[in-house]
>>> print(open('start-v3.pdb').read())   # PDB, C-alpha atoms, pLDDT in the B column
ATOM      1  CA  MET A   1      -5.687 -70.661  39.358  1.00 96.00           C
ATOM      2  CA  ARG A   2      -3.383 -73.634  39.739  1.00 97.00           C
ATOM      3  CA  ILE A   3      -4.160 -75.927  42.659  1.00 97.00           C
ATOM      4  CA  TYR A   4      -1.275 -78.119  43.800  1.00 97.00           C
ATOM      5  CA  LEU A   5      -2.151 -81.352  45.592  1.00 95.00           C
ATOM      6  CA  ALA A   6       0.120 -81.730  48.608  1.00 92.00           C
ATOM      7  CA  GLY A   7       1.037 -84.847  50.546  1.00 79.00           C
ATOM      8  CA  PRO A   8       0.573 -87.877  48.237  1.00 64.00           C
ATOM      9  CA  ILE A   9      -0.306 -90.755  50.545  1.00 58.00           C
ATOM     10  CA  PRO A  10       2.711 -92.791  51.685  1.00 51.00           C
ATOM     11  CA  TYR A  11       1.135 -96.153  50.921  1.00 50.00           C
ATOM     12  CA  MET A  12       0.850 -95.199  47.256  1.00 56.00           C
ATOM     13  CA  ALA A  13       4.623 -95.602  47.233  1.00 50.00           C
ATOM     14  CA  THR A  14       4.481 -99.374  47.287  1.00 53.00           C
ATOM     15  CA  ASN A  15       0.871-100.312  46.610  1.00 59.00           C
ATOM     16  CA  TYR A  16      -0.558 -98.032  43.922  1.00 60.00           C
ATOM     17  CA  LYS A  17      -0.309-100.774  41.270  1.00 62.00           C
ATOM     18  CA  LYS A  18      -2.836-102.826  43.264  1.00 67.00           C
ATOM     19  CA  VAL A  19      -5.607-100.560  42.009  1.00 70.00           C
ATOM     20  CA  GLY A  20      -4.530-101.083  38.418  1.00 75.00           C
ATOM     21  CA  ILE A  21      -3.125 -97.653  37.664  1.00 81.00           C
ATOM     22  CA  SER A  22       0.398 -96.660  36.706  1.00 82.00           C
ATOM     23  CA  SER A  23       2.301 -93.783  38.279  1.00 82.00           C
ATOM     24  CA  TYR A  24       2.141 -91.990  34.914  1.00 87.00           C
ATOM     25  CA  GLU A  25      -1.662 -92.302  34.762  1.00 87.00           C
ATOM     26  CA  LEU A  26      -1.979 -91.116  38.341  1.00 87.00           C
ATOM     27  CA  TYR A  27       0.342 -88.107  38.205  1.00 90.00           C
ATOM     28  CA  HIS A  28       0.832 -86.991  34.595  1.00 91.00           C
ATOM     29  CA  ASP A  29      -1.957 -84.392  34.749  1.00 93.00           C
ATOM     30  CA  ALA A  30      -1.432 -83.452  38.403  1.00 94.00           C
ATOM     31  CA  ASN A  31       0.080 -80.359  40.000  1.00 96.00           C
ATOM     32  CA  VAL A  32       1.965 -81.661  43.032  1.00 95.00           C
ATOM     33  CA  LEU A  33       3.552 -79.968  46.031  1.00 96.00           C
ATOM     34  CA  MET A  34       6.109 -82.131  47.823  1.00 94.00           C
ATOM     35  CA  SER A  35       8.087 -81.572  51.005  1.00 94.00           C
ATOM     36  CA  PHE A  36      11.841 -82.090  50.751  1.00 95.00           C
ATOM     37  CA  VAL A  37      12.003 -83.719  54.168  1.00 91.00           C
ATOM     38  CA  TYR A  38       9.666 -86.539  53.052  1.00 88.00           C
ATOM     39  CA  CYS A  39      11.111 -87.190  49.597  1.00 91.00           C
ATOM     40  CA  ASN A  40      12.164 -90.782  48.944  1.00 88.00           C
ATOM     41  CA  ASP A  41      13.090 -92.958  45.968  1.00 88.00           C
ATOM     42  CA  TYR A  42       9.444 -93.481  44.989  1.00 84.00           C
ATOM     43  CA  ILE A  43       8.742 -89.759  44.919  1.00 88.00           C
ATOM     44  CA  THR A  44      11.854 -88.873  42.922  1.00 92.00           C
ATOM     45  CA  SER A  45      11.464 -91.739  40.440  1.00 90.00           C
ATOM     46  CA  GLU A  46       7.674 -91.968  40.063  1.00 86.00           C
ATOM     47  CA  ILE A  47       6.189 -88.570  40.903  1.00 89.00           C
ATOM     48  CA  PHE A  48       8.849 -86.040  39.884  1.00 93.00           C
ATOM     49  CA  PRO A  49       9.213 -87.191  36.253  1.00 93.00           C
ATOM     50  CA  ASN A  50       5.490 -87.851  35.765  1.00 92.00           C
ATOM     51  CA  CYS A  51       3.626 -84.958  37.363  1.00 93.00           C
ATOM     52  CA  LYS A  52       2.411 -82.000  35.306  1.00 96.00           C
ATOM     53  CA  ARG A  53       3.922 -79.347  37.597  1.00 96.00           C
ATOM     54  CA  LEU A  54       5.959 -79.530  40.784  1.00 96.00           C
ATOM     55  CA  LEU A  55       6.484 -77.211  43.739  1.00 97.00           C
ATOM     56  CA  LEU A  56       9.036 -78.184  46.388  1.00 97.00           C
ATOM     57  CA  ASP A  57       8.762 -77.092  49.995  1.00 96.00           C
ATOM     58  CA  SER A  58      11.783 -77.114  52.311  1.00 95.00           C
ATOM     59  CA  GLY A  59      10.006 -79.206  54.934  1.00 90.00           C
ATOM     60  CA  ALA A  60      11.376 -76.908  57.641  1.00 83.00           C
ATOM     61  CA  PHE A  61       7.852 -76.466  59.050  1.00 75.00           C
ATOM     62  CA  THR A  62       8.110 -79.985  60.509  1.00 78.00           C
ATOM     63  CA  PHE A  63      10.723 -78.716  62.968  1.00 75.00           C
ATOM     64  CA  PHE A  64       8.442 -76.148  64.605  1.00 68.00           C
ATOM     65  CA  SER A  65       7.087 -78.599  67.167  1.00 63.00           C
ATOM     66  CA  ALA A  66       9.805 -81.242  67.021  1.00 63.00           C
ATOM     67  CA  GLY A  67      12.116 -79.526  69.491  1.00 67.00           C
ATOM     68  CA  LYS A  68      15.199 -80.620  67.549  1.00 75.00           C
ATOM     69  CA  THR A  69      18.422 -78.695  67.134  1.00 84.00           C
ATOM     70  CA  VAL A  70      19.119 -78.241  63.435  1.00 90.00           C
ATOM     71  CA  ASP A  71      22.259 -77.125  61.630  1.00 94.00           C
ATOM     72  CA  TRP A  72      20.365 -74.822  59.290  1.00 95.00           C
ATOM     73  CA  PRO A  73      23.227 -73.934  56.904  1.00 97.00           C
ATOM     74  CA  ALA A  74      23.910 -77.649  56.413  1.00 97.00           C
ATOM     75  CA  TYR A  75      20.183 -78.283  55.925  1.00 96.00           C
ATOM     76  CA  VAL A  76      20.019 -75.556  53.281  1.00 97.00           C
ATOM     77  CA  ASP A  77      22.996 -77.087  51.504  1.00 98.00           C
ATOM     78  CA  ARG A  78      21.280 -80.498  51.352  1.00 97.00           C
ATOM     79  CA  TYR A  79      18.065 -78.849  50.153  1.00 98.00           C
ATOM     80  CA  ALA A  80      19.946 -76.914  47.462  1.00 98.00           C
ATOM     81  CA  ASP A  81      21.878 -79.968  46.289  1.00 98.00           C
ATOM     82  CA  PHE A  82      18.606 -81.911  46.014  1.00 98.00           C
ATOM     83  CA  ILE A  83      17.073 -79.106  43.954  1.00 98.00           C
ATOM     84  CA  LYS A  84      20.029 -79.152  41.564  1.00 98.00           C
ATOM     85  CA  GLN A  85      20.146 -82.946  41.360  1.00 98.00           C
ATOM     86  CA  TYR A  86      16.512 -83.243  40.295  1.00 97.00           C
ATOM     87  CA  GLY A  87      16.263 -80.050  38.265  1.00 97.00           C
ATOM     88  CA  ILE A  88      13.577 -78.463  40.448  1.00 98.00           C
ATOM     89  CA  LYS A  89      12.538 -75.095  39.030  1.00 97.00           C
ATOM     90  CA  SER A  90      10.097 -73.839  41.693  1.00 98.00           C
ATOM     91  CA  PHE A  91      10.947 -74.124  45.383  1.00 98.00           C
ATOM     92  CA  PHE A  92      10.175 -72.251  48.596  1.00 98.00           C
ATOM     93  CA  GLU A  93      12.585 -70.615  50.994  1.00 98.00           C
ATOM     94  CA  LEU A  94      12.954 -71.741  54.627  1.00 97.00           C
ATOM     95  CA  ASP A  95      10.352 -69.466  56.231  1.00 95.00           C
ATOM     96  CA  ILE A  96      11.395 -70.308  59.786  1.00 93.00           C
ATOM     97  CA  ASP A  97      11.226 -66.814  61.286  1.00 92.00           C
ATOM     98  CA  PRO A  98       9.923 -68.009  64.717  1.00 89.00           C
ATOM     99  CA  LEU A  99      12.886 -70.366  65.029  1.00 89.00           C
ATOM    100  CA  VAL A 100      15.815 -68.231  63.871  1.00 92.00           C
ATOM    101  CA  GLY A 101      14.514 -64.711  63.225  1.00 94.00           C
ATOM    102  CA  TYR A 102      13.957 -62.886  59.952  1.00 96.00           C
ATOM    103  CA  GLU A 103      17.564 -61.728  59.470  1.00 97.00           C
ATOM    104  CA  LYS A 104      18.769 -65.343  59.654  1.00 97.00           C
ATOM    105  CA  VAL A 105      16.032 -66.334  57.197  1.00 97.00           C
ATOM    106  CA  LEU A 106      17.448 -63.765  54.771  1.00 98.00           C
ATOM    107  CA  ASP A 107      20.926 -65.251  55.219  1.00 98.00           C
ATOM    108  CA  LEU A 108      19.585 -68.747  54.548  1.00 98.00           C
ATOM    109  CA  ARG A 109      17.653 -67.479  51.524  1.00 98.00           C
ATOM    110  CA  LYS A 110      20.832 -65.997  50.042  1.00 98.00           C
ATOM    111  CA  ARG A 111      22.728 -69.226  50.746  1.00 98.00           C
ATOM    112  CA  LEU A 112      20.000 -71.257  49.029  1.00 98.00           C
ATOM    113  CA  GLU A 113      19.935 -69.010  45.976  1.00 98.00           C
ATOM    114  CA  ASP A 114      23.714 -68.810  45.711  1.00 98.00           C
ATOM    115  CA  ARG A 115      24.026 -72.595  45.874  1.00 98.00           C
ATOM    116  CA  THR A 116      21.218 -73.319  43.374  1.00 98.00           C
ATOM    117  CA  GLY A 117      21.892 -70.352  41.101  1.00 98.00           C
ATOM    118  CA  MET A 118      18.131 -69.660  41.043  1.00 98.00           C
ATOM    119  CA  ALA A 119      15.601 -67.476  42.815  1.00 98.00           C
ATOM    120  CA  CYS A 120      13.464 -69.241  45.404  1.00 98.00           C
ATOM    121  CA  ILE A 121       9.840 -68.425  46.237  1.00 98.00           C
ATOM    122  CA  PRO A 122       9.961 -66.200  49.341  1.00 98.00           C
ATOM    123  CA  VAL A 123       7.151 -66.700  51.854  1.00 98.00           C
ATOM    124  CA  TRP A 124       5.707 -63.630  53.569  1.00 98.00           C
ATOM    125  CA  HIS A 125       4.423 -63.893  57.125  1.00 96.00           C
ATOM    126  CA  LYS A 126       2.397 -61.277  58.976  1.00 96.00           C
ATOM    127  CA  SER A 127       5.173 -60.866  61.549  1.00 95.00           C
ATOM    128  CA  ARG A 128       7.423 -59.417  58.816  1.00 97.00           C
ATOM    129  CA  GLY A 129       5.179 -56.411  58.329  1.00 97.00           C
ATOM    130  CA  PRO A 130       3.732 -54.887  55.141  1.00 97.00           C
ATOM    131  CA  ASP A 131       6.981 -53.286  53.942  1.00 98.00           C
ATOM    132  CA  ARG A 132       8.630 -56.698  53.622  1.00 98.00           C
ATOM    133  CA  PHE A 133       5.684 -57.842  51.495  1.00 98.00           C
ATOM    134  CA  TYR A 134       6.072 -54.887  49.136  1.00 98.00           C
ATOM    135  CA  GLU A 135       9.819 -55.488  48.837  1.00 98.00           C
ATOM    136  CA  MET A 136       9.291 -59.180  48.149  1.00 98.00           C
ATOM    137  CA  CYS A 137       6.861 -58.464  45.307  1.00 98.00           C
ATOM    138  CA  GLU A 138       9.212 -55.889  43.819  1.00 98.00           C
ATOM    139  CA  GLN A 139      12.217 -58.212  43.924  1.00 98.00           C
ATOM    140  CA  TYR A 140      10.729 -61.607  42.957  1.00 98.00           C
ATOM    141  CA  SER A 141       8.565 -62.909  40.120  1.00 98.00           C
ATOM    142  CA  TYR A 142       6.871 -65.581  42.277  1.00 98.00           C
ATOM    143  CA  VAL A 143       5.980 -64.974  45.934  1.00 98.00           C
ATOM    144  CA  ALA A 144       3.866 -66.672  48.599  1.00 98.00           C
ATOM    145  CA  ILE A 145       1.774 -65.872  51.642  1.00 98.00           C
ATOM    146  CA  GLY A 146       2.247 -68.201  54.623  1.00 95.00           C
ATOM    147  CA  GLY A 147       0.597 -68.484  58.029  1.00 93.00           C
ATOM    148  CA  ILE A 148      -2.826 -69.471  56.691  1.00 94.00           C
ATOM    149  CA  VAL A 149      -2.778 -73.083  57.899  1.00 90.00           C
ATOM    150  CA  SER A 150      -1.296 -72.112  61.282  1.00 89.00           C
ATOM    151  CA  LYS A 151      -3.971 -69.394  61.615  1.00 92.00           C
ATOM    152  CA  GLU A 152      -1.334 -66.701  61.997  1.00 93.00           C
ATOM    153  CA  ILE A 153      -3.595 -65.026  59.455  1.00 96.00           C
ATOM    154  CA  LYS A 154      -7.129 -65.238  60.810  1.00 95.00           C
ATOM    155  CA  ARG A 155     -10.126 -65.780  58.569  1.00 93.00           C
ATOM    156  CA  SER A 156     -11.371 -62.305  59.423  1.00 95.00           C
ATOM    157  CA  GLU A 157      -8.171 -60.978  57.835  1.00 96.00           C
ATOM    158  CA  TYR A 158      -8.609 -62.767  54.495  1.00 96.00           C
ATOM    159  CA  LYS A 159     -10.118 -59.593  53.046  1.00 95.00           C
ATOM    160  CA  ALA A 160      -6.586 -58.166  52.964  1.00 97.00           C
ATOM    161  CA  PHE A 161      -5.669 -60.759  50.319  1.00 97.00           C
ATOM    162  CA  ARG A 162      -7.342 -58.761  47.551  1.00 97.00           C
ATOM    163  CA  GLY A 163      -5.056 -55.777  47.997  1.00 98.00           C
ATOM    164  CA  MET A 164      -1.974 -57.962  48.454  1.00 98.00           C
ATOM    165  CA  ILE A 165      -2.694 -59.985  45.334  1.00 98.00           C
ATOM    166  CA  GLN A 166      -3.410 -56.814  43.365  1.00 98.00           C
ATOM    167  CA  TYR A 167      -0.082 -55.302  44.461  1.00 98.00           C
ATOM    168  CA  ALA A 168       1.829 -58.456  43.513  1.00 98.00           C
ATOM    169  CA  HIS A 169       0.223 -58.443  40.076  1.00 98.00           C
ATOM    170  CA  GLN A 170       1.031 -54.744  39.621  1.00 98.00           C
ATOM    171  CA  GLN A 171       4.674 -55.718  40.133  1.00 98.00           C
ATOM    172  CA  ASN A 172       4.299 -58.565  37.595  1.00 98.00           C
ATOM    173  CA  ALA A 173       4.728 -61.145  40.370  1.00 98.00           C
ATOM    174  CA  LYS A 174       2.706 -64.327  40.668  1.00 98.00           C
ATOM    175  CA  ILE A 175       1.431 -65.117  44.152  1.00 98.00           C
ATOM    176  CA  HIS A 176       0.796 -68.431  45.934  1.00 98.00           C
ATOM    177  CA  GLY A 177      -1.511 -68.963  48.918  1.00 97.00           C
ATOM    178  CA  LEU A 178       0.129 -71.681  51.043  1.00 96.00           C
ATOM    179  CA  GLY A 179      -2.527 -74.103  52.277  1.00 93.00           C
ATOM    180  CA  PHE A 180      -5.409 -71.903  51.085  1.00 94.00           C
ATOM    181  CA  THR A 181      -8.145 -74.052  49.569  1.00 86.00           C
ATOM    182  CA  ASN A 182     -11.305 -73.118  51.413  1.00 85.00           C
ATOM    183  CA  LEU A 183     -13.760 -73.921  48.636  1.00 85.00           C
ATOM    184  CA  THR A 184     -16.175 -71.160  49.656  1.00 86.00           C
ATOM    185  CA  GLU A 185     -13.387 -68.565  49.544  1.00 89.00           C
ATOM    186  CA  LEU A 186     -11.258 -69.598  46.534  1.00 90.00           C
ATOM    187  CA  HIS A 187     -13.333 -67.762  43.944  1.00 90.00           C
ATOM    188  CA  LYS A 188     -13.066 -64.493  45.913  1.00 92.00           C
ATOM    189  CA  TYR A 189      -9.304 -64.151  45.596  1.00 93.00           C
ATOM    190  CA  HIS A 190      -7.253 -64.332  42.438  1.00 93.00           C
ATOM    191  CA  PHE A 191      -4.235 -66.241  43.687  1.00 97.00           C
ATOM    192  CA  ASP A 192      -2.151 -67.573  40.821  1.00 98.00           C
ATOM    193  CA  SER A 193      -1.693 -70.817  42.732  1.00 98.00           C
ATOM    194  CA  VAL A 194      -2.588 -72.498  46.021  1.00 98.00           C
ATOM    195  CA  ASP A 195      -2.001 -75.918  47.530  1.00 96.00           C
ATOM    196  CA  SER A 196      -4.101 -78.311  49.562  1.00 92.00           C
ATOM    197  CA  THR A 197      -4.024 -81.590  51.488  1.00 89.00           C
ATOM    198  CA  SER A 198      -7.836 -81.668  51.606  1.00 86.00           C
ATOM    199  CA  TRP A 199      -7.999 -84.545  49.118  1.00 87.00           C
ATOM    200  CA  VAL A 200      -6.277 -86.873  51.601  1.00 82.00           C
ATOM    201  CA  SER A 201      -7.606 -85.562  54.913  1.00 73.00           C
ATOM    202  CA  GLY A 202     -10.823 -87.562  54.842  1.00 69.00           C
ATOM    203  CA  ASN A 203      -9.517 -90.879  53.566  1.00 70.00           C
ATOM    204  CA  ARG A 204      -8.998 -92.450  56.962  1.00 66.00           C
ATOM    205  CA  PHE A 205     -12.580 -91.848  58.046  1.00 69.00           C
ATOM    206  CA  GLY A 206     -14.324 -92.709  54.817  1.00 78.00           C
ATOM    207  CA  THR A 207     -14.856 -89.334  53.178  1.00 85.00           C
ATOM    208  CA  ILE A 208     -15.491 -89.720  49.457  1.00 89.00           C
ATOM    209  CA  TYR A 209     -14.866 -86.650  47.300  1.00 92.00           C
ATOM    210  CA  GLN A 210     -16.760 -86.126  44.057  1.00 94.00           C
ATOM    211  CA  PHE A 211     -16.185 -83.424  41.439  1.00 97.00           C
ATOM    212  CA  THR A 212     -19.574 -81.989  40.468  1.00 96.00           C
ATOM    213  CA  GLY A 213     -18.488 -80.096  37.365  1.00 96.00           C
ATOM    214  CA  HIS A 214     -17.711 -76.873  39.222  1.00 93.00           C
ATOM    215  CA  THR A 215     -16.791 -77.804  42.794  1.00 94.00           C
ATOM    216  CA  ILE A 216     -15.916 -80.714  45.101  1.00 93.00           C
ATOM    217  CA  ARG A 217     -18.482 -82.349  47.373  1.00 92.00           C
ATOM    218  CA  ALA A 218     -17.671 -84.623  50.304  1.00 88.00           C
ATOM    219  CA  PHE A 219     -19.728 -87.681  51.222  1.00 85.00           C
ATOM    220  CA  LYS A 220     -19.356 -89.948  54.256  1.00 75.00           C
ATOM    221  CA  LYS A 221     -19.278 -93.629  53.334  1.00 63.00           C
ATOM    222  CA  GLN A 222     -19.677 -94.911  56.862  1.00 57.00           C
ATOM    223  CA  GLU A 223     -20.521 -92.202  59.363  1.00 55.00           C
ATOM    224  CA  GLY A 224     -18.284 -92.407  62.419  1.00 53.00           C
ATOM    225  CA  LYS A 225     -16.425 -95.517  61.227  1.00 59.00           C
ATOM    226  CA  ARG A 226     -12.822 -95.855  60.158  1.00 62.00           C
ATOM    227  CA  VAL A 227     -11.965 -97.218  56.746  1.00 65.00           C
ATOM    228  CA  ALA A 228     -10.316-100.635  56.710  1.00 64.00           C
ATOM    229  CA  LYS A 229      -6.613-100.367  55.924  1.00 62.00           C
ATOM    230  CA  GLU A 230      -6.980-102.449  52.792  1.00 63.00           C
ATOM    231  CA  LYS A 231      -9.386 -99.791  51.459  1.00 72.00           C
ATOM    232  CA  TYR A 232      -7.094 -96.799  52.134  1.00 74.00           C
ATOM    233  CA  LEU A 233      -5.432 -97.053  48.752  1.00 77.00           C
ATOM    234  CA  GLU A 234      -8.629 -97.468  46.758  1.00 80.00           C
ATOM    235  CA  LEU A 235     -10.281 -94.507  48.471  1.00 83.00           C
ATOM    236  CA  GLY A 236      -7.143 -92.358  48.346  1.00 83.00           C
ATOM    237  CA  THR A 237      -6.685 -92.980  44.629  1.00 85.00           C
ATOM    238  CA  HIS A 238     -10.336 -92.137  43.936  1.00 87.00           C
ATOM    239  CA  ASN A 239     -10.127 -88.900  45.916  1.00 89.00           C
ATOM    240  CA  PHE A 240      -6.854 -87.889  44.250  1.00 90.00           C
ATOM    241  CA  ILE A 241      -8.388 -88.364  40.803  1.00 91.00           C
ATOM    242  CA  GLU A 242     -11.535 -86.384  41.696  1.00 94.00           C
ATOM    243  CA  TRP A 243      -9.418 -83.519  43.045  1.00 94.00           C
ATOM    244  CA  LYS A 244      -7.364 -83.553  39.835  1.00 95.00           C
ATOM    245  CA  LYS A 245     -10.620 -82.913  37.949  1.00 96.00           C
ATOM    246  CA  TYR A 246     -11.319 -79.924  40.161  1.00 96.00           C
ATOM    247  CA  CYS A 247      -7.752 -78.659  39.627  1.00 96.00           C
ATOM    248  CA  LYS A 248      -8.289 -78.786  35.871  1.00 96.00           C
ATOM    249  CA  TYR A 249     -11.541 -76.839  36.265  1.00 96.00           C
ATOM    250  CA  ALA A 250      -9.816 -74.259  38.461  1.00 96.00           C
ATOM    251  CA  GLU A 251      -7.136 -73.521  35.847  1.00 95.00           C
ATOM    252  CA  SER A 252      -9.786 -72.261  33.442  1.00 94.00           C
ATOM    253  CA  ASN A 253     -12.482 -70.953  35.764  1.00 94.00           C
ATOM    254  CA  LEU A 254     -11.017 -69.563  39.002  1.00 92.00           C
TER     255      LEU A 254
END
>>> encode(input="start-v3.pdb", output="structure tokens")
Amino acid sequence: MRIYLAGPIPYMATNYKKVGISSYELYHDANVLMSFVYCNDYITSEIFPNCKRLLLDSGAFTFFSAGKTVDWPAYVDRYADFIKQYGIKSFFELDIDPLVGYEKVLDLRKRLEDRTGMACIPVWHKSRGPDRFYEMCEQYSYVAIGGIVSKEIKRSEYKAFRGMIQYAHQQNAKIHGLGFTNLTELHKYHFDSVDSTSWVSGNRFGTIYQFTGHTIRAFKKQEGKRVAKEKYLELGTHNFIEWKKYCKYAESNL
């Protein structure tokens, strides 16, 4: 299983050299998931060329609660042009069904694929129904399940993943679990890849992650106390490196 680390901390963009590590050392053995909407010069110049593997998300999820009016065809065009400019090989569709409806999502998917000349990674949501999942697996070589982070798919429903993953594999499709890195559940389901922001979630409050040789353990440095801003980078870098070790373990053992 490939675990992609999502959301590299913004302050790494200007301060990572303060901890005495180069962008190559930090990212060269890392699987990274980035959001198009947050990409900047640092990400395109330091992370993209140095990371081991890259997945690109459309960033459209950020508009769910923003209440903004978006010209979606124009957004897709910018997303597609970015993909072509930086030679991105693996990228997700705009799975914005609650905002525009599934038929419009299909139109945007076609526009994205026509403009890039490549197949995207379609993202199934429970609201689409099982038939759409079967079709997706039959038509694409890499698919994804969404709605895990938003709890559209409840934990009590995770047991359905086994059958879904098995069907995808029967169709020779790889399958990605978006935001699925519950450490007690990962070994139960044979996703080909997942992504997680867990490595960064505890930095602000002093959570130190440590790879044990087969899993990740979390320790509190100062219970109930925030980490001083000058320590964010040091702690974030440490946690990123420990999670990279777990990712390497996962590729051979999960």
>>> residues_around(input="start-v3.pdb", residues="A:Asn203", least_positions_apart="3", cutoff="7 Å", atoms="all atoms listed in the file", output="ChimeraX atom specification")
/A:200,206-207,232,235-236
>>> closest_residue(input="start-v3.pdb", among="A:Ser156, A:Thr62, A:Asn239, A:Gln139", to="A:Trp199", atoms="all atoms listed in the file")
A:Asn239
>>> resolve_selection(input="start-v3.pdb", expression="the PyMOL selection byres ((chain A and resi 88) around 10)", output="count of residues only")
16
>>> closest_residue(input="start-v3.pdb", among="A:Asp77, A:Lys159, A:Val143, A:Gly101", to="A:Ala119", atoms="only C-alpha atoms")
A:Val143
>>> atom_distance(input="start-v3.pdb", atom1="atom CA of A:Phe133", atom2="atom CA of A:Lys151")
18.1 Å
>>> atom_distance(input="start-v3.pdb", atom1="atom CA of A:Tyr24", atom2="atom CA of A:Ser252")
23.1 Å
>>> atom_distance(input="start-v3.pdb", atom1="atom CA of A:Glu135", atom2="atom CA of A:Gly117")
20.7 Å
>>> resolve_selection(input="start-v3.pdb", expression="the PyMOL selection byres ((chain A and resi 161) around 10)", output="list in words")
Ile145, Glu157, Tyr158, Lys159, Ala160, Arg162, Gly163, Met164, Ile165, Gln166, Tyr167, Gly177, Lys188, Tyr189, His190 and Phe191 of chain A
>>> closest_residue(input="start-v3.pdb", among="A:Leu26, A:Val194, A:Met136, A:Leu112", to="A:Tyr79", atoms="all atoms listed in the file")
A:Leu112
>>> closest_residue(input="start-v3.pdb", among="A:His169, A:Asp29, A:Asn50, A:Ser141", to="A:Lys244", atoms="all atoms listed in the file")
A:Asp29
>>> closest_residue(input="start-v3.pdb", among="A:Gly146, A:Gly179, A:Gly59, A:Pro73", to="A:Ser127", atoms="only C-alpha atoms")
A:Gly146
>>> resolve_selection(input="start-v3.pdb", expression="the PyMOL selection byres ((chain A and resi 33) around 8)", output="mmCIF file with C-alpha atoms, in the coordinates of the input")
data_model
loop_
_atom_site.group_PDB
_atom_site.id
_atom_site.type_symbol
_atom_site.label_atom_id
_atom_site.label_comp_id
_atom_site.auth_asym_id
_atom_site.auth_seq_id
_atom_site.Cartn_x
_atom_site.Cartn_y
_atom_site.Cartn_z
ATOM 1 C CA TYR A 4 -1.275 -78.119 43.800
ATOM 2 C CA LEU A 5 -2.151 -81.352 45.592
ATOM 3 C CA ALA A 6 0.120 -81.730 48.608
ATOM 4 C CA GLY A 7 1.037 -84.847 50.546
ATOM 5 C CA ASN A 31 0.080 -80.359 40.000
ATOM 6 C CA VAL A 32 1.965 -81.661 43.032
ATOM 7 C CA MET A 34 6.109 -82.131 47.823
ATOM 8 C CA SER A 35 8.087 -81.572 51.005
ATOM 9 C CA LEU A 54 5.959 -79.530 40.784
ATOM 10 C CA LEU A 55 6.484 -77.211 43.739
ATOM 11 C CA LEU A 56 9.036 -78.184 46.388
ATOM 12 C CA ASP A 57 8.762 -77.092 49.995
ATOM 13 C CA ASP A 195 -2.001 -75.918 47.530
#
>>> residues_around(input="start-v3.pdb", residues="A:Asp95", least_positions_apart="3", cutoff="9 Å", atoms="all atoms listed in the file", output="short mmCIF file (atom, residue, chain, number, x, y, z; two decimals) with C-alpha atoms, in the coordinates of the input")
data_model
loop_
_atom_site.label_atom_id
_atom_site.label_comp_id
_atom_site.auth_asym_id
_atom_site.auth_seq_id
_atom_site.Cartn_x
_atom_site.Cartn_y
_atom_site.Cartn_z
CA SER A 58 11.78 -77.11 52.31
CA ALA A 60 11.38 -76.91 57.64
CA PHE A 61 7.85 -76.47 59.05
CA PHE A 92 10.18 -72.25 48.60
CA PRO A 98 9.92 -68.01 64.72
CA TYR A 102 13.96 -62.89 59.95
CA VAL A 105 16.03 -66.33 57.20
CA ARG A 109 17.65 -67.48 51.52
CA PRO A 122 9.96 -66.20 49.34
CA VAL A 123 7.15 -66.70 51.85
CA TRP A 124 5.71 -63.63 53.57
CA HIS A 125 4.42 -63.89 57.12
CA GLY A 146 2.25 -68.20 54.62
#
>>> residues_around(input="start-v3.pdb", residues="A:Tyr142", least_positions_apart="4", cutoff="7 Å", atoms="all atoms listed in the file", output="MDAnalysis selection string")
chainID A and resid 121 173:175
